[in-house]
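Single-structure report; data block below.
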Amino acid sequence: MTHFSTRAVHAGAAPDPVTGSRAQPIHQTSSFVFKDADHAAKLFALQEFGDIYTRIGNPTVSALENRIADLEGGTAALGVASGHAAQMLAFHILCEPGTKIIAAKHLYGGSINQLGHAFKKFGWEVEFVDMQDIDALNAAMDPTVRAVFSESLANPSGVVMDMEAIAAVAHKHGVPYIVDNTMATPYLCRPFEHGADIIVESLTKFIGGHGNSIGGVLVDGGKFDWKAHPEKFPTMATPQEYYNGLTFAEGFGALPLGPDGAEVDIAFAIAARAFSLRDLGPALSPFNAFMIMTGCETLPLRMDKHCSNALEVAKWLEGHDAVSWVRYAGLESDPHYKLAQKYLPNGSGAVFTFGVKGGFETGKALVSNVNLLSHLANIGDTRSLIIHPASTTHSQLSDAQKTAAGAAPDTVRVSIGIEDARDIIADLDQALGQS
Ligand SMILES: *Cc1c(COP(=O)(O)O)cnc(C)c1O
C-alpha cells in the first residue's frame, strides 16, 4: 500500500473481524464495556490503549484517525468535532497563560477570530505576522513564543507559505511549526515533508468533500523533541500529577508501533487526547467520522477535478472585462506560482479570489445573481460555492485586517466544484453580466 490513491481507500480500515462488514461500521455508542476491573484500571491509567467513552475515543473515529495520519505521513492523529477544535486542542497542549503564538496574517477569517479573540480569554497572546517576510517572523520570535502557525495554502488569499523557511525559524527558537493543511489536503501538499511538526485541518472541507459533516483532525508528526525544552512545554515534558507522574514525551515518545516494530513518537497525539480532548470535550461523532471516511476515499479523484476546473475558471476570469484581478497560485501570472510548483505539485487547490471592478456593492450583487453556484460560507464541497468575504466571513475584521487577510471590499471568493467547468463559467458569465 504505497500509493496515495490506494491508501485513501484502504488505510486505517479492514473488514470487521466480528461481522465481516466491508464498510467501516459506525460504532454509535457512548461507552465500552470493560473486560474486568484490572482492564478498566489500566485503560484509565493509559497503561493499555482501548476505548472507554466516545468523548475520548471511538473505533469509527480511530479508523478515520489512522487513515488521515497515514495520508499526511504522521505518526498518529486525533479526530475532533471541527477544524477549530483541532486548533484549540493543539494550542492547549503548548500554551500557558502569558505565552505567545506567532500566527500568519494570511489566515482563514474564523482562525483570525479564534486566535485573536477567543484565545485571549485563556491568557494566550497571539501576534499576527506576514510570513512571506521571514525577517519579520524572526523579529517576532521571543522567549515567550510556544508555536508558529500558518496555513500551507492560505484561505482565502491564496498565499502559498514557504514552509521550509518558516519551519527553520520556528526550530531555531525551539518551538514547533503547526500547519493548517485544510485548503491543500494531503493529496496536494505534505507539510511534514517541509518541516511542519503538527498538522491541523478541517475535515469539513475537501477531505469529507461533500459539504455534509463537520469534523477536524490534529496529526502528530512525531519528530519534535519536547524533552529538549521542558521549561517551554511542561505538559509534554514534565511529570503530570493527574496521571500518576507520567511524562507524556517519555511514556509515548518511542512506542514500537511502526513498520516491523520501529519506534515512533506519538506523545503529542496522546497528550492531546488524554488531556485536552478528555477535559475540554470537542469529540467527533462516529457518524460524522463514517461520512468523512467515505468522502476521503475519493479525495484524489475529486482534487484532480477540483484543480483542473479551478484553473480553467481562473483563466477565463482573467480575460473577463468586469474582473480586475485574479489570484490563483495555479496561474503563471500569480506571484505564488513558483512556491506552488514546489509545495503543491499536484495542483493549486480549488479556492481562489478575484476582484470585481465595481467594488463592495458589485461583489454583493454578484453573489446574489448566481444560479448554479451556491452562495454560502464553506469551501471544499463537490458543488461550486461563492461568497463575498468583506460582507460575511471577514466582516468582523477592520478594513486593514480584511485587506491583509486577502478579503478586500472588491474581493469575491469561489470554491470550484466538480461539475462541468463549462456550466460553472456560463453561470459566472451571466451573473457578472447583471452585477
Ligand atoms: C474551515 C476552516 C477551518 C475551520 O474548520 P471548521 O471545521 O469549520 O471548524 C480552519 N482552517 C481553514 C483554512 C478553514 O478553511
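Identifiers in the C-alpha cells: chain A, B, ... in order shown; residue index from 1 per chain; ligand index from 1 in order shown.
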Mind listing the residues within 8 Å of ligand 1, only C-alpha atoms and all ligand atoms counted, as a PDB file with C-alpha atoms, in the first residue's frame?
```
ATOM      1  CA  ALA A  81     -15.509  17.923  16.325  1.00  0.00           C
ATOM      2  CA  SER A  82     -14.246  20.598  13.895  1.00  0.00           C
ATOM      3  CA  GLY A  83     -11.176  22.175  12.409  1.00  0.00           C
ATOM      4  CA  HIS A  84     -11.394  24.862  15.058  1.00  0.00           C
ATOM      5  CA  ALA A  85     -11.474  22.238  17.804  1.00  0.00           C
ATOM      6  CA  ALA A  86      -8.264  20.735  16.391  1.00  0.00           C
ATOM      7  CA  GLN A  87      -6.570  24.142  16.583  1.00  0.00           C
ATOM      8  CA  LEU A 107      -5.372  33.018   7.671  1.00  0.00           C
ATOM      9  CA  TYR A 108      -8.943  31.803   7.388  1.00  0.00           C
ATOM     10  CA  GLY A 110     -12.537  32.172  11.553  1.00  0.00           C
ATOM     11  CA  SER A 111      -8.992  31.403  12.684  1.00  0.00           C
ATOM     12  CA  GLU A 151      -1.811  27.567   6.644  1.00  0.00           C
ATOM     13  CA  ALA A 154      -3.974  30.341   2.795  1.00  0.00           C
ATOM     14  CA  ASN A 155      -7.752  30.769   2.721  1.00  0.00           C
ATOM     15  CA  ASP A 180      -3.261  24.092   8.807  1.00  0.00           C
ATOM     16  CA  ASN A 181      -3.437  21.930   5.660  1.00  0.00           C
ATOM     17  CA  THR A 182      -7.201  22.329   5.085  1.00  0.00           C
ATOM     18  CA  MET A 183      -7.086  24.078   1.720  1.00  0.00           C
ATOM     19  CA  GLU A 201      -7.061  20.525   9.406  1.00  0.00           C
ATOM     20  CA  SER A 202     -10.755  20.861   8.918  1.00  0.00           C
ATOM     21  CA  LEU A 203     -12.241  17.593   7.666  1.00  0.00           C
ATOM     22  CA  THR A 204     -15.392  19.549   6.854  1.00  0.00           C
ATOM     23  CA  LYS A 205     -13.850  20.792   3.630  1.00  0.00           C
ATOM     24  CA  ILE A 214     -18.268  18.998  10.345  1.00  0.00           C
ATOM     25  CA  GLY A 215     -15.040  17.491  11.638  1.00  0.00           C
ATOM     26  CA  GLY A 216     -11.402  18.200  12.303  1.00  0.00           C
ATOM     27  CA  ASN A 378     -17.937  26.944   3.111  1.00  0.00           C
ATOM     28  CA  ILE A 379     -15.280  25.541   0.818  1.00  0.00           C
TER      29      ILE A 379
END
```
In range 58-297 of chain A, what's strand (DSSP E) per DSSP? Answer as a VMD selection string?
chain A and resid 76 to 80 100 to 104 125 to 129 145 to 151 177 to 180 198 to 202 216 to 220
Quick one, how far is CA of Lys121 in chain A from CA of Ser395 in chain A?
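Distance reported for this atom pair: 21.7 Å.
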Based on the backbone DSSP call, show me all residues of range 204-422 of chain A assigned alpha helix (DSSP H), as number ranges by chain.
A: 234-237, 248-251, 267-271, 278-280, 286-296, 299-318, 337-343, 360-369, 399-404, 421-422
Neighbouring residues of Arg146 in chain A were defined as those with any atom within 9 Å, considering only C-alpha atoms; residues of the same chain fewer than 2 positions away were excluded. Please report them as a PyMOL selection string.
chain A and resi 91+94-96+99-102+143-144+148+174-176+232-233
Rank A:His194, A:Lys227, A:His117, A:His320 by their smallest atom-to-atom distance to Phe268 in chain A, using only C-alpha atoms, and report the top residue only.
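Closest to Phe268 in chain A of all the choices is A:Lys227.
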